[in-house]
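Peer 1: Quick one, start_28.cif (mmCIF, C-alpha atoms):
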data_query
loop_
_atom_site.label_atom_id
_atom_site.label_comp_id
_atom_site.auth_asym_id
_atom_site.auth_seq_id
_atom_site.Cartn_x
_atom_site.Cartn_y
_atom_site.Cartn_z
CA MET A 1 0.00 0.00 0.00
CA SER A 2 1.25 3.46 -0.88
CA ARG A 3 2.26 5.84 1.90
CA THR A 4 0.63 8.73 0.05
CA HIS A 5 -2.00 10.36 2.26
CA LYS A 6 -4.86 12.32 0.73
CA CYS A 7 -6.48 15.02 2.83
CA ILE A 8 -10.22 14.31 2.86
CA PRO A 9 -12.47 17.26 1.93
CA LYS A 10 -15.33 18.87 3.85
CA ILE A 11 -16.07 17.38 7.30
CA ALA A 12 -12.75 15.60 7.84
CA LEU A 13 -10.56 18.31 6.30
CA ALA A 14 -9.05 19.65 9.53
CA VAL A 15 -8.52 16.22 11.08
CA ALA A 16 -6.95 14.86 7.92
CA ALA A 17 -4.66 17.88 7.62
CA VAL A 18 -3.32 17.26 11.10
CA ALA A 19 -2.84 13.59 10.27
CA CYS A 20 -0.94 14.48 7.10
CA ILE A 21 1.43 16.76 9.01
CA ALA A 22 1.99 14.19 11.76
CA ALA A 23 2.68 11.42 9.28
CA SER A 24 5.12 13.57 7.30
CA SER A 25 6.94 14.52 10.50
CA SER A 26 7.31 10.91 11.62
CA TRP A 27 8.85 9.96 8.27
CA GLY A 28 11.01 13.06 8.05
CA LEU A 29 10.80 16.18 5.93
CA THR A 30 12.61 16.57 2.62
CA LEU A 31 14.08 19.73 1.18
CA GLN A 32 10.98 20.06 -0.98
CA ASP A 33 8.76 19.70 2.09
CA PHE A 34 10.53 22.61 3.77
CA LYS A 35 10.22 24.72 0.63
CA ASN A 36 6.53 23.88 0.33
CA LYS A 37 5.58 24.69 3.91
CA GLY A 38 6.69 28.28 3.53
CA ASP A 39 8.19 28.96 6.94
CA PHE A 40 11.56 27.79 8.18
CA ARG A 41 12.53 28.09 11.84
CA ALA A 42 16.16 28.04 12.92
CA ALA A 43 17.30 28.16 16.54
CA ILE A 44 20.55 29.57 17.87
CA GLN A 45 22.17 30.10 21.25
CA ASN A 46 23.67 33.41 22.34
CA GLU A 47 27.37 32.56 22.01
CA PRO A 48 29.52 34.88 19.90
CA PRO A 49 31.25 34.31 17.54
CA TYR A 50 29.22 31.21 16.72
CA ALA A 51 25.72 32.67 17.04
CA PHE A 52 24.03 35.80 18.39
CA ILE A 53 21.47 38.47 17.54
CA SER A 54 23.02 41.81 16.62
CA GLY A 55 21.83 45.19 17.85
CA ASP A 56 19.68 45.62 14.73
CA GLY A 57 17.97 42.27 15.28
CA GLU A 58 19.90 40.28 12.68
CA ALA A 59 21.11 36.72 13.29
CA LYS A 60 24.90 36.88 13.16
CA GLY A 61 27.90 34.69 13.84
CA LEU A 62 29.46 31.83 11.94
CA GLY A 63 26.50 29.48 12.40
CA PRO A 64 23.56 31.62 11.25
CA GLU A 65 25.51 33.46 8.57
CA VAL A 66 26.60 30.19 6.96
CA ALA A 67 23.11 28.72 7.40
CA THR A 68 21.54 31.75 5.74
CA ALA A 69 23.85 31.44 2.74
CA VAL A 70 23.44 27.67 2.35
CA LEU A 71 19.65 27.73 2.78
CA LYS A 72 19.42 30.49 0.17
CA ARG A 73 21.35 28.30 -2.24
CA LEU A 74 18.80 25.58 -1.51
CA GLY A 75 15.88 27.89 -2.25
CA ILE A 76 14.94 28.80 1.34
CA GLU A 77 15.25 32.55 1.89
CA GLN A 78 12.74 33.29 4.65
CA ILE A 79 14.08 32.19 8.05
CA ASP A 80 12.47 32.78 11.43
CA TRP A 81 15.26 33.02 14.00
CA ILE A 82 14.74 31.82 17.56
CA VAL A 83 17.20 32.38 20.41
CA ALA A 84 17.05 29.62 23.02
CA PRO A 85 19.17 28.45 25.95
CA PHE A 86 21.90 26.08 24.83
CA SER A 87 20.47 23.19 26.83
CA SER A 88 17.09 23.43 25.06
CA LEU A 89 18.37 23.49 21.48
CA ILE A 90 18.30 19.74 20.84
CA PRO A 91 15.08 19.03 22.82
CA GLY A 92 13.34 21.85 20.92
CA LEU A 93 14.58 20.51 17.58
CA ARG A 94 13.32 17.01 18.32
CA ALA A 95 9.98 18.42 19.46
CA HIS A 96 9.60 20.26 16.11
CA ARG A 97 9.68 23.69 17.72
CA TRP A 98 12.30 24.58 15.11
CA ASP A 99 13.64 22.96 11.95
CA MET A 100 17.38 23.07 12.58
CA VAL A 101 19.89 24.35 15.09
CA ALA A 102 21.96 26.89 13.18
CA GLY A 103 24.47 27.75 15.87
CA GLN A 104 27.64 25.73 16.18
CA GLN A 105 27.10 22.65 18.34
CA THR A 106 29.97 20.31 19.02
CA ILE A 107 29.59 16.94 17.31
CA LYS A 108 29.94 14.20 19.89
CA PRO A 109 28.75 10.58 19.99
CA GLU A 110 26.09 11.03 22.67
CA ARG A 111 24.44 13.80 20.67
CA CYS A 112 24.70 11.74 17.50
CA ALA A 113 22.51 9.14 19.19
CA VAL A 114 19.54 11.53 19.09
CA VAL A 115 20.23 14.06 16.29
CA SER A 116 22.16 14.36 13.04
CA PHE A 117 24.81 16.90 12.11
CA SER A 118 26.10 18.61 9.02
CA ASN A 119 29.78 18.18 8.30
CA PRO A 120 31.83 20.48 10.56
CA MET A 121 32.55 24.11 9.72
CA SER A 122 34.89 24.99 12.55
CA SER A 123 37.18 23.47 15.13
CA ALA A 124 38.35 24.78 18.46
CA GLY A 125 40.57 24.00 21.38
CA GLU A 126 40.07 24.80 25.05
CA ALA A 127 40.90 27.86 27.12
CA LEU A 128 40.64 29.09 30.70
CA ILE A 129 39.71 32.67 31.54
CA VAL A 130 41.38 33.68 34.80
CA LYS A 131 42.01 36.82 36.80
CA ALA A 132 44.78 38.99 35.35
CA GLY A 133 48.15 37.65 36.48
CA ASN A 134 46.66 34.17 36.90
CA PRO A 135 47.01 34.16 40.71
CA LYS A 136 46.00 30.49 41.01
CA ASN A 137 48.65 29.54 38.43
CA LEU A 138 46.24 27.53 36.27
CA HIS A 139 47.63 26.30 32.96
CA SER A 140 45.62 23.12 32.35
CA TYR A 141 42.52 21.27 33.47
CA ASP A 142 44.85 18.98 35.40
CA ASP A 143 45.88 22.01 37.47
CA ILE A 144 42.24 22.45 38.45
CA LYS A 145 41.96 18.78 39.35
CA ASN A 146 45.11 18.87 41.48
CA LYS A 147 44.25 22.02 43.44
CA PRO A 148 41.40 21.23 45.86
CA ASP A 149 40.69 24.90 46.57
CA VAL A 150 40.02 25.73 42.90
CA LYS A 151 36.55 25.85 41.35
CA VAL A 152 35.83 26.14 37.63
CA ALA A 153 32.70 27.39 35.88
CA THR A 154 31.38 26.62 32.41
CA GLN A 155 28.13 27.00 30.49
CA SER A 156 25.47 24.38 31.13
CA GLY A 157 25.42 21.82 28.30
CA ASN A 158 28.96 22.58 27.11
CA ILE A 159 31.39 19.84 26.14
CA GLU A 160 33.74 21.04 28.88
CA ILE A 161 31.54 19.14 31.34
CA THR A 162 32.43 15.90 29.57
CA TYR A 163 36.11 16.76 29.78
CA PHE A 164 35.92 17.51 33.51
CA GLN A 165 34.20 14.19 34.17
CA ALA A 166 36.74 12.24 32.11
CA LEU A 167 39.65 13.98 33.86
CA GLY A 168 38.24 13.30 37.31
CA ILE A 169 37.50 16.86 38.39
CA PRO A 170 34.98 16.53 41.24
CA SER A 171 31.50 17.73 40.33
CA ASP A 172 31.28 19.82 43.50
CA ARG A 173 34.10 21.98 42.12
CA VAL A 174 32.34 22.53 38.79
CA LEU A 175 29.80 25.36 38.58
CA LEU A 176 27.33 25.37 35.67
CA ILE A 177 25.96 28.74 34.59
CA PRO A 178 23.30 29.61 31.96
CA SER A 179 25.45 31.50 29.44
CA ASN A 180 28.84 33.02 28.71
CA ALA A 181 27.33 36.42 29.53
CA ASP A 182 27.18 35.33 33.18
CA ALA A 183 30.90 34.51 33.38
CA ALA A 184 32.08 37.92 34.57
CA ASP A 185 29.55 38.12 37.41
CA THR A 186 30.38 34.56 38.43
CA LEU A 187 34.12 35.19 38.67
CA ASN A 188 33.73 38.65 40.19
CA ALA A 189 31.56 37.18 42.93
CA GLY A 190 34.24 34.62 43.73
CA ARG A 191 31.93 31.70 42.97
CA ALA A 192 34.63 30.23 40.68
CA ASP A 193 38.32 30.83 40.02
CA ALA A 194 38.28 30.22 36.28
CA TYR A 195 35.88 29.99 33.37
CA ALA A 196 36.34 27.21 30.82
CA MET A 197 35.26 27.55 27.21
CA GLU A 198 36.49 27.15 23.64
CA ASP A 199 39.49 29.28 22.78
CA VAL A 200 37.84 31.24 19.96
CA SER A 201 34.89 32.21 22.16
CA ALA A 202 37.22 33.10 25.02
CA ALA A 203 39.23 35.49 22.85
CA LEU A 204 36.10 37.26 21.65
CA LEU A 205 34.58 37.44 25.12
CA LEU A 206 37.68 39.20 26.39
CA LYS A 207 37.82 41.44 23.32
CA SER A 208 34.24 42.55 23.97
CA GLY A 209 35.34 44.27 27.17
CA ALA A 210 32.82 42.32 29.24
CA MET A 211 35.58 40.79 31.37
CA ALA A 212 37.85 43.62 32.32
CA GLY A 213 40.59 42.43 34.65
CA TYR A 214 40.67 38.90 33.24
CA GLU A 215 42.82 37.12 30.68
CA VAL A 216 43.26 33.77 28.97
CA ALA A 217 45.63 31.52 30.90
CA THR A 218 48.88 31.31 28.92
CA PRO A 219 50.42 28.90 28.25
CA PHE A 220 47.59 26.37 28.34
CA THR A 221 47.94 22.62 27.83
CA GLN A 222 45.08 21.15 25.82
CA PRO A 223 43.31 18.36 27.73
CA THR A 224 43.98 14.76 26.88
CA VAL A 225 40.98 12.45 27.18
CA ASN A 226 41.30 8.71 26.58
CA GLY A 227 44.80 9.29 25.29
CA LYS A 228 43.79 11.90 22.71
CA SER A 229 44.30 15.65 22.65
CA VAL A 230 40.86 17.20 22.56
CA LEU A 231 39.67 19.36 19.70
CA SER A 232 35.97 20.09 19.19
CA PHE A 233 34.26 20.35 15.81
CA GLY A 234 31.16 22.49 15.37
CA ALA A 235 28.29 21.93 12.96
CA HIS A 236 24.60 22.53 12.31
CA THR A 237 22.08 20.14 13.80
CA PHE A 238 19.09 18.32 12.29
CA ARG A 239 16.47 15.77 13.26
CA GLN A 240 17.53 12.25 12.37
CA GLU A 241 14.38 11.62 10.36
CA ASP A 242 15.11 14.61 8.10
CA GLU A 243 17.99 12.79 6.41
CA ASP A 244 17.03 13.80 2.87
CA PHE A 245 17.20 17.44 3.90
CA ARG A 246 20.48 16.97 5.77
CA GLN A 247 22.10 15.37 2.73
CA ALA A 248 20.97 18.19 0.45
CA TYR A 249 22.24 20.71 3.00
CA ASN A 250 25.60 18.95 3.36
CA LYS A 251 26.13 18.92 -0.40
CA GLU A 252 25.51 22.66 -0.68
CA LEU A 253 27.57 23.35 2.45
CA ALA A 254 30.59 21.55 0.97
CA ALA A 255 30.39 23.73 -2.13
CA PHE A 256 29.91 26.91 -0.10
CA MET A 257 32.92 26.20 2.13
CA LYS A 258 35.12 26.44 -0.98
CA THR A 259 34.03 30.00 -1.72
CA PRO A 260 35.60 33.32 -0.70
CA GLU A 261 32.26 34.22 0.92
CA PHE A 262 32.61 31.41 3.45
CA LEU A 263 36.18 32.39 4.28
CA ALA A 264 35.07 36.00 4.73
CA ILE A 265 32.32 34.93 7.16
CA ALA A 266 34.82 32.87 9.16
CA GLU A 267 37.37 35.69 9.21
CA HIS A 268 35.07 38.50 10.33
CA ASN A 269 33.73 36.26 13.09
CA GLY A 270 37.24 35.72 14.45
CA LEU A 271 37.74 32.14 13.30
CA PRO A 272 41.41 31.54 12.47
CA LYS A 273 42.25 29.91 9.17
CA GLU A 274 43.49 26.81 11.02
CA SER A 275 40.06 26.36 12.57
CA VAL A 276 38.22 25.99 9.26
CA GLU A 277 41.06 24.05 7.64
CA ARG A 278 40.93 21.43 10.41
CA ALA A 279 37.16 21.27 10.11
CA SER A 280 37.31 20.58 6.38
CA THR A 281 39.31 17.39 7.00
CA GLN A 282 36.52 15.80 9.06
CA THR A 283 33.04 14.47 8.37
CA ALA A 284 30.06 14.26 10.71
CA GLU A 285 30.26 10.48 10.56
CA GLU A 286 33.91 10.49 11.67
CA ARG A 287 33.17 12.83 14.56
CA CYS A 288 30.12 10.81 15.63
CA ALA A 289 32.36 7.75 15.74
CA ALA A 290 34.89 9.81 17.74
CA LYS A 291 37.63 9.02 15.21
#
Produce C-alpha cells that represent the structure in this file.
Peer 2:
Amino acid sequence: MSRTHKCIPKIALAVAAVACIAASSSWGLTLQDFKNKGDFRAAIQNEPPYAFISGDGEAKGLGPEVATAVLKRLGIEQIDWIVAPFSSLIPGLRAHRWDMVAGQQTIKPERCAVVSFSNPMSSAGEALIVKAGNPKNLHSYDDIKNKPDVKVATQSGNIEITYFQALGIPSDRVLLIPSNADAADTLNAGRADAYAMEDVSAALLLKSGAMAGYEVATPFTQPTVNGKSVLSFGAHTFRQEDEDFRQAYNKELAAFMKTPEFLAIAEHNGLPKESVERASTQTAEERCAAK
C-alpha cells in the first residue's frame, strides 16, 4: 500500500490535515517539504562568535551566517530566528519547535545518538579565563583537578563538562551557569576561580570588554581524554528523520565552504584559518564515531 496520504475534503478536512502533518513529520521532511511549507525556523544560542542576535535584530555569527547562505542556495530565503538556551536546542529541535539548530554545536557521539549533524565548519581547542596575572597559576585542566581549593565554571550543556568528568575533576568543584554572559559576574563574585570555554569564544569574550581584569591563561595545555588531545568540531544540527534534507544541505555546504564568501564569514567572526582548515578534513560520521 502506498504511503501517500490524501487530505479528505469537507467534514474531515481539519482532522486529515493534522494527520498528514503528523505522518510527514514521523517519516522526516525533505528539502521540498521545507520549501513547500513556507516557513523555516532556525534556533541559535547566544554565544559569539558562533551565534548571536546583533543590535539591529539580525542573526549573526558563523553558524547563522553560513546557514543563511546555504539555505538560500537551496531555495529557502525566509528564516524565522529563535534564540534559546543552549540546553534546550536539541530538545526543541526534536519536538519540532524549530527545523534546525543553526548555531555551532559540538559533534559528539552522545548527541549523534539523538540528532544528526552537518559536516563540521569549525574546530576549536580549550581555554581558561582567569584573573589577570593568573594568581591560582592555572595552565591546564589537570591544574584544576590537582588544586582542591580551585573551582571552575562553564556554560550548562557545554562539552567542557564531559572533559571535567573524564579527567576526574569533582562535580562539587564545577559550577554550571546559563550562558557566557554570566561569566564575569560569576568570577567577580568569587563563585569560581576560572571559566572554561572554547578558545575562539574566550578570545572574543575578552575582546568585547565584558571581562575587564581577566585574561586567557597562557600557556595552556590542551586536555587529553582517553589518550587523545581534545579538539571540538562544530556543525549545524538536524532531526535524524530529516535525512534527505540533511544530505541536500551537506552537499551545498561543501560547495559553499570552498568560496571566498565562506572564508570572509569565518574571518570576520574571528575564526582563524586553522580552525576551518581542520574542520574541512573531518566528516560528521567520523566525529560521531569519535575518530
Peer 1: Provide the CA of Leu71 (chain A) to CA of Glu252 (chain A) distance in Å, to one decimal place.
Peer 2: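 Pair CA of Leu71 (chain A) / CA of Glu252 (chain A) returns 8.5 Å.
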Peer 1: Given the file shown, determine the residues that the PyMOL selection byres ((chain A and resi 164) around 10) selects; report them as a ChimeraX atom specification.
Peer 2: /A:141-142,144-145,152,159-163,165-171,173-174,223,225
Peer 1: Quick one: pull the distance between CA of Thr259 (chain A) and CA of Asp80 (chain A), Å, one decimal.
Peer 2: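 CA of Asp80 (chain A) lies at a distance of 25.4 Å from CA of Thr259 (chain A).
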Peer 1: Of the candidates A:Glu285, A:Asp56, A:Asp244, A:Glu77, which one gets nearest to Phe117 (chain A) if we count all atoms listed in the file?
Peer 2: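 Among the listed residues, the smallest separation from Phe117 (chain A) belongs to A:Glu285.
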Peer 1: Excluding same-chain residues fewer than 6 positions from Arg278 (chain A), what lies within 10 Å of it counting all atoms listed in the file, as a list in words?
Peer 2: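 So the residues in contact are Pro120, Met121, Ser122, Ser123, Ala124, Leu231 and Phe233 of chain A.
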Peer 1: Taking (26.6, 27.5, 3.6) in the file's coordinates as the center, which residues reach within 10 Å of it, counting only C-alpha atoms, put as JSON, numbers by chain?
Peer 2: {"A": [62, 63, 64, 65, 66, 67, 68, 69, 70, 71, 72, 73, 74, 121, 249, 250, 251, 252, 253, 254, 255, 256, 257, 258, 259, 261, 262]}
Peer 1: With C-alpha atoms kept, could you save the residues just selected as a CSV table (one decimal), keeping the file's coordinate frame?
Peer 2:
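What follows is the written file part_38.csv:
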chain,number,residue,atom,x,y,z
A,62,LEU,CA,29.5,31.8,11.9
A,63,GLY,CA,26.5,29.5,12.4
A,64,PRO,CA,23.6,31.6,11.2
A,65,GLU,CA,25.5,33.5,8.6
A,66,VAL,CA,26.6,30.2,7.0
A,67,ALA,CA,23.1,28.7,7.4
A,68,THR,CA,21.5,31.8,5.7
A,69,ALA,CA,23.8,31.4,2.7
A,70,VAL,CA,23.4,27.7,2.4
A,71,LEU,CA,19.6,27.7,2.8
A,72,LYS,CA,19.4,30.5,0.2
A,73,ARG,CA,21.4,28.3,-2.2
A,74,LEU,CA,18.8,25.6,-1.5
A,121,MET,CA,32.6,24.1,9.7
A,249,TYR,CA,22.2,20.7,3.0
A,250,ASN,CA,25.6,19.0,3.4
A,251,LYS,CA,26.1,18.9,-0.4
A,252,GLU,CA,25.5,22.7,-0.7
A,253,LEU,CA,27.6,23.4,2.4
A,254,ALA,CA,30.6,21.6,1.0
A,255,ALA,CA,30.4,23.7,-2.1
A,256,PHE,CA,29.9,26.9,-0.1
A,257,MET,CA,32.9,26.2,2.1
A,258,LYS,CA,35.1,26.4,-1.0
A,259,THR,CA,34.0,30.0,-1.7
A,261,GLU,CA,32.3,34.2,0.9
A,262,PHE,CA,32.6,31.4,3.4
Peer 1: Would you mind telling me which residue in A:Asn119, A:Ser229, A:Gly103, A:Arg246 lies nearest to Ser280 (chain A) when using all atoms listed in the file?
Peer 2: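 Once distances to Ser280 (chain A) are computed over all atoms listed in the file, the minimum belongs to A:Asn119.
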Peer 1: Counting only C-alpha atoms, note down every residue that has an atom within 10 Å of the point (19.8, 10.8, 18.3) (file coordinates), as a list in words.
Peer 2: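 Residues satisfying the cut-off, written out: Ile90, Arg94, Pro109, Glu110, Arg111, Cys112, Ala113, Val114, Val115, Ser116, Phe238, Arg239, Gln240 and Glu241 of chain A.
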Peer 1: Pick from A:Glu215, A:Asp172, A:Asp149, A:Asp185: nearest to Asn134 (chain A), with only C-alpha atoms counted?
Peer 2: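 Looking only at the distances to Asn134 (chain A), the closest residue turns out to be A:Glu215.
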Peer 1: Out of A:Glu126, A:Glu286, A:Glu274, A:Glu58, which residue has the shortest atom-to-atom distance to Met197 (chain A) when counting only C-alpha atoms?
Peer 2: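 Once distances to Met197 (chain A) are computed over only C-alpha atoms, the minimum belongs to A:Glu126.
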Peer 1: So the first atom is CA of Thr106 (chain A) and the second is CA of Ala84 (chain A); what is the distance between them in Å, to one decimal place?
Peer 2: 16.4 Å
Peer 1: Set the distance at 10 Å and use all atoms listed in the file: which residues neighbour Ala202 (chain A) once local chain neighbours fewer than 3 positions away are removed? I'd like the list as a short mmCIF file (atom, residue, chain, number, x, y, z; two decimals) with C-alpha atoms, in the coordinates of the input.
Peer 2:
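Result file follows (selection_35.cif):
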data_model
loop_
_atom_site.label_atom_id
_atom_site.label_comp_id
_atom_site.auth_asym_id
_atom_site.auth_seq_id
_atom_site.Cartn_x
_atom_site.Cartn_y
_atom_site.Cartn_z
CA PRO A 48 29.52 34.88 19.90
CA PRO A 49 31.25 34.31 17.54
CA GLU A 126 40.07 24.80 25.05
CA ALA A 127 40.90 27.86 27.12
CA LEU A 128 40.64 29.09 30.70
CA ILE A 129 39.71 32.67 31.54
CA ASN A 180 28.84 33.02 28.71
CA TYR A 195 35.88 29.99 33.37
CA ALA A 196 36.34 27.21 30.82
CA MET A 197 35.26 27.55 27.21
CA GLU A 198 36.49 27.15 23.64
CA ASP A 199 39.49 29.28 22.78
CA LEU A 205 34.58 37.44 25.12
CA LEU A 206 37.68 39.20 26.39
CA LYS A 207 37.82 41.44 23.32
CA SER A 208 34.24 42.55 23.97
CA GLU A 215 42.82 37.12 30.68
CA VAL A 216 43.26 33.77 28.97
#
Peer 1: Can you list, as a list in words, every protein, DNA or RNA residue that comes within 10 Å of Asn46 (chain A) when you count only C-alpha atoms, leaving out same-chain residues fewer than 5 positions away?
Peer 2: Ala51, Phe52, Ile53, Ala59, Lys60, Gly61, Val83, Ala84, Pro85, Phe86, Gly103, Ser179, Asn180 and Ala181 of chain A
Peer 1: Let me make sure I understand: among A:Leu138, A:Leu176, A:Ala279, A:Ala183, which one has the smallest atom-to-atom distance to Phe220 (chain A) if we use only C-alpha atoms?
Peer 2: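 Using only C-alpha atoms, the shortest distance to Phe220 (chain A) belongs to A:Leu138.
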Peer 1: Between A:Tyr50, A:Ile107, A:Pro91, A:Gly234, which is the closest to Arg287 (chain A) once you count all atoms listed in the file?
Peer 2: A:Ile107
Peer 1: Can you list, as a list in words, every protein, DNA or RNA residue that comes within 8 Å of Phe40 (chain A) when you count all atoms listed in the file, leaving out same-chain residues fewer than 5 positions away?
Peer 2: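 Near neighbours after the sequence-gap exclusion: Phe34, Ile76, Gln78, Ile79, Asp80, Trp98 and Asp99 of chain A.
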Peer 1: Applied to the shown file, which residues does the PyMOL selection byres ((chain A and resi 191) around 9) return, written as JSON, numbers by chain?
Peer 2: {"A": [151, 152, 153, 175, 185, 186, 187, 188, 189, 190, 192, 193]}
Peer 1: Could you write out as a short mmCIF file (atom, residue, chain, number, x, y, z; two decimals) with C-alpha atoms, in the frame of the given file the residues that the PyMOL selection byres ((chain A and resi 132) around 8) matches in the shown file?
Peer 2:
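out09.cif was written with the following content:
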data_model
loop_
_atom_site.label_atom_id
_atom_site.label_comp_id
_atom_site.auth_asym_id
_atom_site.auth_seq_id
_atom_site.Cartn_x
_atom_site.Cartn_y
_atom_site.Cartn_z
CA VAL A 130 41.38 33.68 34.80
CA LYS A 131 42.01 36.82 36.80
CA GLY A 133 48.15 37.65 36.48
CA ASN A 134 46.66 34.17 36.90
CA PRO A 135 47.01 34.16 40.71
CA GLY A 213 40.59 42.43 34.65
CA TYR A 214 40.67 38.90 33.24
CA GLU A 215 42.82 37.12 30.68
#
